[in-house]
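One file, work.txt, carrying compact mmCIF, C-alpha atoms:
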# COMPACT_ATOMS: atom_id res chain seq x y z
CA MET A 1 83.51 106.13 97.43
CA THR A 2 86.39 108.08 98.98
CA ARG A 3 87.98 108.39 95.53
CA VAL A 4 84.72 109.67 94.03
CA LEU A 5 84.39 112.17 96.87
CA LEU A 6 87.97 113.37 96.47
CA GLY A 7 87.45 113.66 92.72
CA LEU A 8 84.40 115.86 93.15
CA VAL A 9 86.14 118.01 95.76
CA PHE A 10 89.01 118.43 93.29
CA ILE A 11 86.59 119.45 90.52
CA ALA A 12 84.96 121.92 92.91
CA ALA A 13 88.34 123.42 93.79
CA MET A 14 89.30 123.74 90.12
CA LEU A 15 86.00 125.36 89.24
CA SER A 16 86.24 127.83 92.07
CA ILE A 17 89.62 129.10 90.81
CA TYR A 18 88.76 128.93 87.09
CA PRO A 19 88.61 132.43 85.57
CA CYS A 20 84.85 132.43 85.20
CA ARG A 21 83.09 135.60 86.05
CA PRO A 22 81.90 135.47 89.66
CA LEU A 23 78.40 136.74 90.16
CA GLU A 24 77.56 138.80 93.18
CA ALA A 25 75.15 136.55 94.93
CA GLN A 26 72.00 137.73 96.64
CA GLU A 27 71.46 134.54 98.53
CA ASN A 28 69.07 134.15 101.40
CA PRO A 29 70.74 133.02 104.61
CA TYR A 30 68.58 129.93 105.22
CA PHE A 31 70.06 126.50 105.88
CA VAL A 32 66.86 124.44 105.91
CA THR A 33 64.12 126.50 104.26
CA TYR A 34 63.92 127.10 100.52
CA ASP A 35 62.55 130.24 98.94
CA HIS A 36 61.20 130.53 95.39
CA ASN A 37 64.33 132.04 93.89
CA LEU A 38 66.06 129.58 91.59
CA GLU A 39 69.64 129.62 90.40
CA GLU A 40 70.24 131.97 87.46
CA PRO A 41 70.27 130.03 84.17
CA GLY A 42 73.77 128.86 83.26
CA SER A 43 75.18 129.65 86.73
CA LEU A 44 76.77 127.12 89.02
CA GLU A 45 76.86 127.57 92.77
CA ILE A 46 79.28 125.49 94.78
CA GLU A 47 78.42 125.36 98.45
CA TYR A 48 79.90 123.85 101.58
CA PHE A 49 77.93 123.65 104.82
CA SER A 50 78.66 122.37 108.31
CA THR A 51 76.49 121.59 111.30
CA PHE A 52 77.89 121.16 114.79
CA GLY A 53 75.39 119.52 117.12
CA THR A 54 75.34 118.68 120.80
CA GLN A 55 74.24 115.22 121.87
CA ARG A 56 72.87 114.38 125.30
CA GLY A 57 74.01 110.96 126.52
CA GLY A 58 76.46 110.59 123.63
CA ASN A 59 79.12 112.26 121.54
CA ASP A 60 78.67 115.63 119.85
CA PHE A 61 78.94 115.60 116.07
CA HIS A 62 79.97 117.64 113.07
CA ALA A 63 78.00 116.93 109.89
CA PHE A 64 78.97 118.49 106.56
CA TRP A 65 77.77 118.56 103.00
CA THR A 66 78.75 119.94 99.61
CA GLU A 67 76.23 121.13 97.05
CA PHE A 68 76.62 121.73 93.33
CA GLU A 69 73.64 123.84 92.26
CA TYR A 70 73.08 124.56 88.59
CA GLY A 71 70.47 126.75 86.92
CA VAL A 72 69.35 124.70 83.93
CA ASN A 73 66.93 127.38 82.80
CA GLY A 74 64.60 129.96 84.24
CA TRP A 75 62.20 127.42 85.73
CA TRP A 76 64.45 124.50 86.71
CA THR A 77 67.38 124.22 89.12
CA THR A 78 69.15 120.95 89.77
CA GLU A 79 71.53 120.10 92.63
CA LEU A 80 73.85 117.31 93.66
CA TYR A 81 74.69 116.83 97.34
CA LEU A 82 77.44 114.84 99.04
CA ASP A 83 77.03 114.35 102.80
CA GLY A 84 79.28 113.15 105.60
CA GLN A 85 79.70 113.42 109.34
CA THR A 86 82.19 113.11 112.15
CA THR A 87 81.00 111.91 115.52
CA PHE A 88 83.56 112.92 118.12
CA HIS A 89 85.34 109.99 119.85
CA ASP A 90 83.84 107.72 117.19
CA SER A 91 84.59 108.08 113.45
CA THR A 92 84.07 110.00 110.22
CA ILE A 93 81.79 108.46 107.61
CA PHE A 94 80.36 109.32 104.23
CA THR A 95 76.59 109.35 104.61
CA GLY A 96 75.08 109.69 101.15
CA ILE A 97 74.27 111.36 97.87
CA LYS A 98 71.22 113.42 97.06
CA TRP A 99 69.93 114.70 93.76
CA GLU A 100 67.49 117.52 94.06
CA ASN A 101 65.37 119.39 91.52
CA ARG A 102 63.26 122.49 91.94
CA PHE A 103 60.64 123.55 89.39
CA ARG A 104 58.90 126.86 89.17
CA PRO A 105 55.48 126.19 87.60
CA LEU A 106 54.31 129.80 87.15
CA LYS A 107 55.80 132.21 84.65
CA ARG A 108 55.23 135.37 86.62
CA GLU A 109 55.84 136.65 90.12
CA HIS A 110 52.80 136.41 92.38
CA TRP A 111 51.85 137.37 95.92
CA ILE A 112 52.72 133.78 96.90
CA ASN A 113 55.06 131.89 94.60
CA PRO A 114 55.01 128.09 94.53
CA VAL A 115 58.00 125.92 93.68
CA LEU A 116 57.88 122.12 93.43
CA TYR A 117 60.79 120.20 94.89
CA VAL A 118 61.69 116.59 94.11
CA GLU A 119 64.69 114.85 95.67
CA PHE A 120 66.12 111.38 95.49
CA ALA A 121 68.49 110.44 98.30
CA HIS A 122 70.69 107.40 98.70
CA LYS A 123 71.84 107.72 102.28
CA SER A 124 72.76 105.84 105.41
CA ASP A 125 71.14 106.11 108.83
CA GLY A 126 74.31 107.98 109.83
CA ASP A 127 73.12 111.17 108.12
CA LYS A 128 73.31 113.90 110.78
CA THR A 129 73.00 116.99 108.61
CA ILE A 130 69.49 117.68 109.95
CA LYS A 131 68.82 119.42 106.65
CA GLU A 132 65.12 119.10 107.36
CA GLY A 133 62.76 118.14 110.17
CA GLU A 134 61.17 114.89 109.13
CA GLY A 135 58.77 112.35 110.63
CA HIS A 136 59.73 111.15 114.09
CA ASP A 137 63.45 111.97 113.86
CA VAL A 138 64.61 112.65 117.43
CA GLU A 139 67.91 113.26 119.23
CA ALA A 140 68.06 109.71 120.61
CA ASP A 141 68.39 108.32 117.05
CA PHE A 142 71.92 109.71 116.97
CA LEU A 143 73.13 107.69 120.01
CA THR A 144 73.88 104.62 117.90
CA PRO A 145 77.58 104.27 116.99
CA ASN A 146 78.62 105.08 113.40
CA SER A 147 79.64 101.48 112.81
CA GLU A 148 75.98 100.49 113.21
CA LEU A 149 74.45 103.57 111.60
CA ARG A 150 76.41 103.18 108.37
CA LYS A 151 74.90 99.73 107.80
CA GLY A 152 71.38 101.09 107.48
CA ILE A 153 71.14 102.24 103.85
CA LYS A 154 67.96 103.72 102.46
CA ASN A 155 66.72 105.13 99.18
CA GLU A 156 64.35 107.97 99.85
CA VAL A 157 62.14 110.22 97.78
CA GLU A 158 61.36 113.62 99.20
CA LEU A 159 58.77 116.05 97.92
CA LYS A 160 58.31 119.64 99.03
CA LEU A 161 55.89 122.37 98.27
CA ILE A 162 57.76 125.64 98.63
CA LEU A 163 55.67 128.79 99.06
CA SER A 164 57.48 132.08 99.22
CA SER A 165 56.80 135.82 99.08
CA ASN A 166 58.93 138.92 98.81
CA PHE A 167 57.34 141.91 100.46
CA LYS A 168 58.92 145.27 101.20
CA GLY A 169 62.41 143.77 101.33
CA TRP A 170 61.34 140.80 103.45
CA ASN A 171 61.29 137.23 102.26
CA PHE A 172 58.74 134.91 103.85
CA SER A 173 59.02 131.22 103.00
CA GLN A 174 57.11 128.14 104.02
CA ASN A 175 58.00 124.56 103.06
CA THR A 176 55.84 121.50 103.54
CA LEU A 177 57.69 118.23 103.25
CA ALA A 178 56.68 114.64 102.54
CA ALA A 179 59.38 111.96 102.44
CA LYS A 180 59.20 108.24 101.80
CA ASN A 181 61.75 105.54 102.34
CA LEU A 182 61.25 103.35 99.28
CA ALA A 183 61.62 100.21 101.40
CA ASN A 184 57.90 100.15 102.17
CA GLU A 185 58.04 102.68 105.00
CA PRO A 186 55.19 105.15 105.60
CA TRP A 187 55.27 108.71 104.32
CA GLU A 188 56.83 111.12 106.80
CA PHE A 189 56.07 114.82 107.07
CA GLY A 190 57.78 118.00 108.15
CA TYR A 191 57.68 121.76 107.88
CA ALA A 192 59.97 124.78 107.71
CA LEU A 193 59.14 128.47 108.08
CA ALA A 194 61.52 131.38 107.58
CA ALA A 195 61.76 135.12 107.22
CA SER A 196 64.72 137.31 106.33
CA ARG A 197 65.60 140.84 105.26
CA PRO A 198 68.74 142.68 104.10
CA LEU A 199 69.97 145.32 106.53
CA ALA A 200 69.54 147.96 103.80
CA LEU A 201 67.23 147.89 100.81
CA LYS A 202 68.99 150.41 98.57
CA ALA A 203 72.29 149.51 96.94
CA SER A 204 75.28 151.68 97.61
CA ALA A 205 76.61 153.91 94.81
CA THR A 206 80.12 152.57 95.41
CA ARG A 207 81.33 148.99 95.38
CA CYS A 208 81.83 147.77 98.93
CA ARG A 209 82.16 144.64 101.02
CA PHE A 210 80.75 145.87 104.29
CA CYS A 211 77.74 147.83 103.03
CA ARG A 212 74.59 147.04 104.92
CA GLN A 213 72.81 145.71 101.81
CA ASN A 214 75.32 142.83 101.70
CA PHE A 215 74.11 141.47 105.05
CA ILE A 216 70.85 139.53 105.34
CA VAL A 217 69.47 138.40 108.67
CA GLY A 218 66.45 136.37 109.66
CA ALA A 219 65.15 133.32 111.47
CA GLU A 220 63.89 129.88 110.61
CA LEU A 221 61.70 127.37 112.42
CA TYR A 222 61.54 123.74 111.36
CA GLY A 223 60.59 120.32 112.59
CA GLY A 224 58.87 117.00 112.00
CA LEU A 225 55.15 116.29 111.79
CA GLY A 226 55.13 112.53 112.27
CA ASP A 227 54.16 110.01 109.65
CA ARG A 228 51.08 108.68 107.91
CA HIS A 229 50.15 106.43 110.86
CA ASN A 230 50.92 108.94 113.59
CA PHE A 231 50.59 112.45 112.25
CA GLY A 232 51.22 115.32 114.66
CA LEU A 233 53.79 116.60 117.09
CA ASN A 234 54.24 113.44 119.22
CA ASP A 235 57.86 112.22 119.25
CA THR A 236 59.06 114.91 116.90
CA SER A 237 61.88 117.43 117.15
CA HIS A 238 61.69 121.17 116.44
CA TYR A 239 64.27 123.92 116.10
CA LEU A 240 64.37 127.69 116.05
CA ALA A 241 67.46 129.27 114.52
CA ALA A 242 68.76 132.75 113.85
CA VAL A 243 70.31 133.02 110.40
CA GLY A 244 72.72 135.52 108.90
CA GLY A 245 74.32 135.82 105.48
CA TRP A 246 77.05 138.03 104.03
CA ASN A 247 77.11 138.39 100.26
CA LEU A 248 80.45 139.60 98.89
CA PRO A 249 80.86 141.36 95.53
CA SER A 250 83.41 138.69 94.55
CA GLY A 251 80.65 136.07 94.39
CA TRP A 252 81.28 134.49 97.78
CA THR A 253 78.56 134.14 100.41
CA PHE A 254 79.09 133.28 104.07
CA ARG A 255 76.31 132.04 106.31
CA LEU A 256 76.04 131.46 110.05
CA SER A 257 73.18 130.09 112.09
CA PRO A 258 72.94 129.23 115.80
CA GLY A 259 69.88 127.07 116.41
CA PHE A 260 68.15 125.77 119.50
CA GLY A 261 66.02 122.70 120.13
CA LEU A 262 62.50 123.54 121.25
CA ASN A 263 61.62 120.30 123.02
CA ASP A 264 63.22 117.34 124.78
CA ASN A 265 63.44 115.35 121.55
CA SER A 266 65.62 117.97 119.90
CA HIS A 267 69.36 118.54 120.10
CA LYS A 268 69.86 121.39 122.53
CA PHE A 269 72.14 123.38 120.25
CA LEU A 270 73.06 123.36 116.57
CA LEU A 271 75.64 125.70 115.11
CA ARG A 272 75.66 125.86 111.33
CA TRP A 273 77.99 127.70 108.99
CA GLY A 274 78.57 127.65 105.28
CA VAL A 275 80.40 129.21 102.39
CA SER A 276 79.38 129.29 98.76
CA ARG A 277 80.51 130.78 95.50
CA GLU A 278 78.35 131.51 92.53
CA ILE A 279 79.93 131.29 89.08
CA SER A 280 77.99 132.83 86.25
CA GLY A 281 78.56 131.73 82.68
CA PHE A 282 79.29 128.17 83.70
CA ASP A 283 77.48 127.01 80.57
CA GLN A 284 80.01 128.96 78.51
CA LEU A 285 82.85 127.34 80.44
CA LEU A 286 81.40 123.97 79.45
CA ARG A 287 81.22 125.13 75.88
CA ARG A 288 84.90 126.07 75.92
CA MET A 289 85.75 122.72 77.47
CA PHE A 290 83.80 120.74 74.89
CA ARG A 291 84.53 122.83 71.82
CA GLY A 292 87.94 124.29 72.63
CA LYS A 293 87.11 127.87 71.64
CA SER A 294 85.22 130.79 73.08
CA MET B 1 81.04 101.88 96.66
CA LYS B 2 77.98 99.62 96.52
CA PRO B 3 76.61 98.78 93.07
CA SER B 4 73.33 100.61 93.78
CA SER B 5 75.04 103.86 94.75
CA LEU B 6 77.38 103.54 91.77
CA ARG B 7 74.37 103.17 89.48
CA PHE B 8 72.74 106.18 91.05
CA PHE B 9 75.87 108.25 90.72
CA LEU B 10 76.40 107.24 87.08
CA ALA B 11 72.77 108.07 86.29
CA ALA B 12 73.11 111.49 87.89
CA ALA B 13 76.40 112.16 86.09
CA SER B 14 74.89 111.12 82.73
CA PHE B 15 71.96 113.38 83.31
CA ALA B 16 74.19 116.32 84.21
CA THR B 17 76.27 115.73 81.07
CA LEU B 18 73.15 115.73 78.90
CA VAL B 19 72.01 118.98 80.46
CA ALA B 20 75.44 120.52 79.91
CA ALA B 21 75.50 119.37 76.30
CA TRP B 22 72.04 120.80 75.67
CA ASN B 23 72.96 124.17 77.13
CA THR B 24 76.24 124.19 75.23
CA ARG B 25 74.33 123.65 72.00
CA SER B 26 71.91 126.49 72.58
CA VAL B 27 74.63 128.97 73.64
CA ALA B 28 76.78 128.03 70.65
CA SER B 29 73.96 128.57 68.22
CA ALA B 30 73.30 132.02 69.63
CA ALA B 31 76.99 132.91 69.46
CA ASN B 32 77.35 131.92 65.83
CA SER B 33 74.42 133.87 64.51
CA GLY B 34 73.76 136.54 67.12
CA LEU B 35 70.49 136.46 69.00
CA PRO B 36 67.72 135.64 66.54
CA GLN B 37 65.23 138.40 65.79
CA TRP B 38 62.33 136.32 67.14
CA PHE B 39 64.18 135.90 70.44
CA ARG B 40 64.76 139.65 70.79
CA SER B 41 61.16 140.40 69.82
CA ASP B 42 59.92 137.89 72.36
CA VAL B 43 61.85 139.54 75.16
CA TYR B 44 60.91 143.09 74.15
CA ALA B 45 57.27 142.03 73.77
CA GLU B 46 57.17 141.30 77.50
CA LEU B 47 57.24 145.05 78.15
CA GLY B 48 53.88 145.36 76.46
CA LYS B 49 52.41 142.70 78.72
CA ALA B 50 52.82 144.77 81.88
CA PRO B 51 49.41 145.54 83.39
CA ASP B 52 48.39 149.20 83.14
CA LYS B 53 48.72 149.89 86.84
CA ASP B 54 52.29 148.57 86.82
CA LYS B 55 53.15 150.32 83.57
CA HIS B 56 52.23 153.70 85.01
CA ARG B 57 54.09 153.36 88.29
CA ALA B 58 56.51 156.22 88.78
CA ASN B 59 60.08 155.54 89.84
CA PRO B 60 60.29 156.58 93.51
CA LEU B 61 64.04 157.14 93.03
CA GLU B 62 63.61 159.45 90.03
CA ASN B 63 65.24 162.30 91.91
CA ASP B 64 67.80 160.27 93.82
CA PRO B 65 71.22 161.50 92.64
CA GLN B 66 72.90 158.21 93.66
CA ALA B 67 70.47 155.92 91.86
CA VAL B 68 72.19 155.78 88.46
CA ALA B 69 75.61 155.00 89.97
CA ALA B 70 74.12 152.32 92.24
CA GLY B 71 72.15 150.92 89.31
CA GLN B 72 75.30 150.71 87.22
CA ILE B 73 77.00 148.53 89.85
CA LEU B 74 73.92 146.34 90.08
CA PHE B 75 73.88 146.06 86.29
CA GLN B 76 77.54 145.04 86.14
CA ASP B 77 77.01 142.40 88.82
CA ARG B 78 73.68 140.96 87.71
CA CYS B 79 72.93 141.79 84.09
CA SER B 80 76.12 142.32 82.08
CA GLU B 81 76.84 138.59 81.85
CA CYS B 82 73.84 138.23 79.52
CA HIS B 83 73.32 141.73 78.12
CA GLY B 84 76.98 142.73 77.73
CA GLU B 85 79.16 145.17 79.68
CA ASP B 86 77.88 148.06 77.55
CA ALA B 87 74.27 146.76 77.56
CA LYS B 88 74.40 146.43 73.76
CA GLY B 89 73.43 142.77 73.92
CA ALA B 90 75.48 139.59 74.12
CA ARG B 91 75.08 135.86 73.66
CA LYS B 92 72.10 135.42 75.92
CA GLY B 93 70.34 138.75 76.23
CA PRO B 94 69.28 141.45 73.77
CA SER B 95 70.45 145.07 73.75
CA LEU B 96 69.03 147.24 76.49
CA ARG B 97 69.80 150.36 74.44
CA ALA B 98 67.18 149.37 71.88
CA PRO B 99 64.30 151.83 71.32
CA GLU B 100 61.86 149.25 72.73
CA ILE B 101 63.62 149.50 76.09
CA GLN B 102 64.38 153.20 76.07
CA LYS B 103 60.81 154.14 75.13
CA ALA B 104 59.28 151.84 77.75
CA THR B 105 57.94 153.39 80.93
CA PRO B 106 59.96 152.93 84.13
CA GLY B 107 57.02 150.97 85.49
CA ALA B 108 57.10 148.51 82.58
CA LEU B 109 60.85 147.96 83.01
CA PHE B 110 60.38 147.44 86.73
CA TRP B 111 57.63 144.91 86.01
CA VAL B 112 59.84 142.90 83.62
CA LEU B 113 62.74 142.97 86.10
CA THR B 114 60.40 141.70 88.80
CA ASN B 115 58.82 138.92 86.73
CA GLY B 116 61.67 138.01 84.42
CA VAL B 117 61.10 136.35 81.08
CA VAL B 118 61.45 132.91 82.55
CA ARG B 119 60.78 130.96 79.34
CA ARG B 120 63.59 132.93 77.64
CA LYS B 121 66.05 132.32 80.48
CA MET B 122 65.79 135.77 82.01
CA PRO B 123 65.34 135.15 85.72
CA SER B 124 62.97 137.03 87.95
CA TRP B 125 64.91 139.61 89.97
CA SER B 126 62.30 139.82 92.71
CA LYS B 127 64.99 138.69 95.13
CA LEU B 128 66.50 142.15 94.81
CA PRO B 129 64.66 144.55 97.11
CA GLU B 130 62.36 146.99 95.29
CA PRO B 131 64.64 150.03 95.70
CA GLN B 132 67.47 148.12 93.97
CA ARG B 133 65.21 147.24 91.04
CA TRP B 134 64.26 150.92 90.74
CA GLN B 135 67.96 151.82 90.81
CA LEU B 136 68.48 149.42 87.91
CA VAL B 137 65.62 151.07 86.02
CA ARG B 138 67.23 154.49 86.53
CA TYR B 139 70.50 153.17 85.10
CA LEU B 140 68.82 151.54 82.11
CA LYS B 141 66.94 154.71 81.27
CA SER B 142 70.17 156.70 81.51
CA LEU B 143 71.81 154.62 78.76
CA GLY B 144 69.98 156.10 75.81
CA THR B 145 69.73 154.45 72.41
CA ASP B 146 72.67 153.34 70.23
Please express the file's structure as structure tokens.
Amino acid sequence: MTRVLLGLVFIAAMLSIYPCRPLEAQENPYFVTYDHNLEEPGSLEIEYFSTFGTQRGGNDFHAFWTEFEYGVNGWWTTELYLDGQTTFHDSTIFTGIKWENRFRPLKREHWINPVLYVEFAHKSDGDKTIKEGEGHDVEADFLTPNSELRKGIKNEVELKLILSSNFKGWNFSQNTLAAKNLANEPWEFGYALAASRPLALKASATRCRFCRQNFIVGAELYGGLGDRHNFGLNDTSHYLAAVGGWNLPSGWTFRLSPGFGLNDNSHKFLLRWGVSREISGFDQLLRRMFRGKS
Amino acid sequence: MKPSSLRFFLAAASFATLVAAWNTRSVASAANSGLPQWFRSDVYAELGKAPDKDKHRANPLENDPQAVAAGQILFQDRCSECHGEDAKGARKGPSLRAPEIQKATPGALFWVLTNGVVRRKMPSWSKLPEPQRWQLVRYLKSLGTD
């Protein structure tokens, strides 16, 4: 697995320096919530994200993941994730692979825009990315040492209904989540809510890195809603996080998000950061690779 | 790597390769023959589908002296990949200097930018704030015909 991981990291590094045209991204700054904007057709976005989390009664951790997000066409975006984590004073482990797809069922823009999300994950119990609030996931689950956590492997299907609106420069997004461990476990539920806005709505007449329109700020709220047998807020964790993103004209985007647990089941503090680069014309790069001419 | 994760990874890789091959095929066909007439007509026809109230919206930045310059930067960053640096059309997108575009109302252009032509691979640009979409409209209208 380490060799596969290193291979993919190498491919990512090569792609990020390949002379493709970078596309100035207009990415929202969310880490957990999805909005209805899909990847532009033919574009590839390579993303790296980290989460530092505090752990009461145990060791703090640093979870990280890489995403390869590709716009297949105007209504379908597909993504491959590779996850890992380091638990301080313990070890670093690879925690799984996810394959995610988002489909936009409606042709036109509406007041509320739905997107359907389907994900298949092959992951261990050591996954600490907290990429979503789900079921009865609580802070105490992370006390188990990595040597034990990595033994628990699960195949999981996750479905989301993404509802999102753009209004007067604001984006409002709401995700409802249902996830099922395929090993005969009950369906688990979760939610995420978010809002964000660029600091300026008009673009500047000169190219610039620090213009206000390049900065997007907002907040997101997410957590679990129990499972099919015990639906509700009992034994669930919830987080509120400020989010900020900086979109550079060179195609790079930086994101930062300090988050806070809202109840005793939640980690007290999560600090997330990420960097991504969008490469437009990736489909043409593939064409050159396969056909040897432009 | 466990056999199950290897199978999953191989399946995902095969799928990604198929997708890449499919997209390569469609781009290549467009490059060899230019964009087919039916494709261009399809995209231009979207302008006629704008509802009347959207079609007749006035550009609030009509008198903004900075709007064309800002729109040009937005065009270079977002649109030129498909429509060409000079907006005369490229592999994926038709010319934006065509009479169909230049005769369209600002409101109709704004509506198409907002909604995209998703089935023809033009994404919705609703993620750009409204003033930026109007800046793009100002730039497009400043291009004139060929």
Can you write out as a tab-separated table which residues of chain B fall within 6 Å of chain A, alongside each residue's closest atom pair and its distance in Å to one decimal, counting only C-alpha atoms and ordering rows by chain and ascending residue number?
residue	atom	partner	partner_atom	distance
B:Met1	CA	A:Met1	CA	5.0
B:Thr24	CA	A:Arg287	CA	5.1
B:Gln66	CA	A:Ala205	CA	5.8
B:Ala69	CA	A:Ala205	CA	5.1
B:Ala70	CA	A:Ala205	CA	3.9
B:Asp77	CA	A:Glu24	CA	5.7
B:Asn115	CA	A:Arg108	CA	5.1
B:Val118	CA	A:Gly74	CA	4.6
B:Lys121	CA	A:Gly74	CA	4.7
B:Pro123	CA	A:Gly74	CA	5.4
B:Pro129	CA	A:Gly169	CA	4.8
B:Pro131	CA	A:Lys202	CA	5.2
B:Gln132	CA	A:Lys202	CA	5.4
Shell around Ala108 (chain B) at 7 Å using only C-alpha atoms, local window under 6 positions removed, as number ranges by chain: B: 47, 50, 54-55
Once 6 Å is added on each side, what are the centre and the three edge lengths, in Å to one decimal, of the axis-aligned box enclosing the listed atoms of region 212-222 of chain A? Present them as JSON.
{"center_x": 68.4, "center_y": 135.4, "center_z": 107.1, "size_x": 25.8, "size_y": 35.3, "size_z": 22.7}
For Pro94 (chain B), list every protein, DNA or RNA residue within 9 Å, evaluated using only C-alpha atoms, and leave out those in the same chain fewer than 5 positions away; present the list as a ChimeraX atom specification. /B:35,39-40,43-44,82-84,87-89
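Between CA of Gly107 (chain B) and CA of Ala45 (chain B) lies a distance of 14.7 Å.
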Contacts of Leu140 (chain B) at 8 Å or less, counting all atoms listed in the file, minus same-chain residues fewer than 6 places along, as number ranges by chain? B: 71, 96-97, 102
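Nearest residue to Val275 (chain A), choosing from A:Glu134, A:Glu188, A:Glu47, A:Val32 and counting all atoms listed in the file: A:Glu47.
With CA of Tyr48 (chain A) on one side and CA of Phe254 (chain A) on the other, the separation reads 9.8 Å.
The coordinates place CA of Tyr30 (chain A) at 23.0 Å from CA of Leu74 (chain B).
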